[in-house]
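Have a look at the structure below, then the notes.
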Amino acid sequence: MNIDAFLRRHGIAAARHEHAAVMTVEESERLVPPLPGAKTKNLFLRDKKGARHFLVTVPAMRAVDLIALGAALGAGRLGFASPERLHRHLAITPGSVSLLALVNDTAGAVEFVIDRSLWEADAVQAHPLINTATTILTHADLELFLRAAAHAQRVIDVPSAG
């Protein structure tokens, strides 16, 4: 899926900023210039049986308590999904995980969870399916994107570790 074409087709005028490839939040702090919007971190998780998959978007510096998150979602024990599952469900590779990848989940197999602080932010940052650019989505554009991608959001206070 060409995410830029998808965004244009749905009237989403998201600003895109190219930068060096980043695989981690720490690398993005060093290599991505200051941009508007809240910085995000995305976790692609699965339940113990592999029956449910979650894309969880939290503030970039948040360490997530996976046990408490699993309980909050009624999913039991959560773990990170494999790169193969990531590719099968969201058609992306590790390092490029982003809420924009929901566009590739046409089967609706992935549940989208976003931390309340990000949902209430004026804008958020997201990789446009690659880790060499960052796209800025206003809150209105985020809502428009989720409708266009046929995904509902579950807004919760994602539990912090520690």
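Just remember, in the structure tokens the first chain shown is A, the second B, etc., residues are 1-based per chain, and ligands are 1-based in the order shown.
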Can you tell me, as a PyMOL selection string, what residues are no more than 8 Å from region 47-49 of chain A when counting only C-alpha atoms, ignoring any on the same chain fewer than 5 positions away?
chain A and resi 70+75-79
Region 136-151 of chain A: which residues within 12 Å, counting only C-alpha atoms, same-chain residues fewer than 5 positions away excluded, as a ChimeraX atom specification?
/A:1,3-4,6-18,34-40,54-55,90,98-114,117-128
Expected file contents, prior selection, C-alpha atoms, as a short mmCIF file (atom, residue, chain, number, x, y, z; two decimals), in the first residue's frame:
```
data_model
loop_
_atom_site.label_atom_id
_atom_site.label_comp_id
_atom_site.auth_asym_id
_atom_site.auth_seq_id
_atom_site.Cartn_x
_atom_site.Cartn_y
_atom_site.Cartn_z
CA MET A 1 0.00 0.00 0.00
CA ILE A 3 0.46 5.26 2.36
CA ASP A 4 0.99 8.74 0.90
CA PHE A 6 -3.98 6.57 0.65
CA LEU A 7 -3.72 9.66 2.83
CA ARG A 8 -4.22 12.00 -0.17
CA ARG A 9 -7.16 9.95 -1.44
CA HIS A 10 -8.88 10.40 1.93
CA GLY A 11 -8.16 14.12 2.20
CA ILE A 12 -5.47 13.79 4.86
CA ALA A 13 -2.78 16.41 4.35
CA ALA A 14 -0.17 14.95 6.69
CA ALA A 15 3.27 16.54 6.63
CA ARG A 16 6.07 14.06 5.90
CA HIS A 17 9.67 14.58 7.07
CA GLU A 18 12.52 12.43 5.72
CA PRO A 34 12.50 18.24 16.39
CA LEU A 35 9.04 17.95 14.82
CA PRO A 36 5.58 19.00 15.91
CA GLY A 37 3.27 16.47 17.53
CA ALA A 38 3.67 13.88 20.23
CA LYS A 39 6.41 11.28 19.67
CA THR A 40 5.07 7.75 19.72
CA PHE A 54 -2.77 -5.67 19.23
CA LEU A 55 -1.09 -2.57 17.92
CA LEU A 90 0.50 -5.27 8.92
CA SER A 98 3.30 2.50 13.13
CA LEU A 99 -0.39 3.14 13.56
CA LEU A 100 -0.42 3.94 9.83
CA ALA A 101 0.21 0.22 9.17
CA LEU A 102 -3.43 -0.42 10.12
CA VAL A 103 -4.17 0.44 6.51
CA ASN A 104 -2.69 -2.98 5.61
CA ASP A 105 -4.89 -4.91 8.06
CA THR A 106 -7.80 -5.35 5.68
CA ALA A 107 -8.95 -8.47 7.56
CA GLY A 108 -9.45 -6.45 10.75
CA ALA A 109 -7.33 -8.92 12.72
CA VAL A 110 -5.43 -6.28 14.69
CA GLU A 111 -6.97 -4.39 17.61
CA PHE A 112 -5.74 -0.81 17.88
CA VAL A 113 -5.05 0.55 21.36
CA ILE A 114 -3.87 4.12 21.91
CA SER A 117 -2.56 11.15 26.34
CA LEU A 118 -1.83 10.59 22.64
CA TRP A 119 -5.51 10.46 21.72
CA GLU A 120 -5.97 13.83 23.40
CA ALA A 121 -2.86 15.36 21.78
CA ASP A 122 -3.23 17.99 19.07
CA ALA A 123 -1.02 15.89 16.75
CA VAL A 124 1.02 12.68 16.76
CA GLN A 125 4.07 11.45 14.88
CA ALA A 126 4.00 8.15 12.96
CA HIS A 127 6.29 6.31 10.55
CA PRO A 128 4.75 6.18 7.06
#
```
Go ahead and compute the interatomic distance for CA of Thr57 (chain A) and CA of Gly162 (chain A), in Å to one decimal.
18.4 Å
Tell me, which residues of chain A carry DSSP strand (DSSP E or B), written as a PyMOL selection string?
chain A and resi 15-18+38+40-47+53-59+64+78-80+110-115+123-126+133-138+153-156+160
As a check of understanding: the span from CA of Arg52 (chain A) to CA of Ser160 (chain A) is 21.4 Å
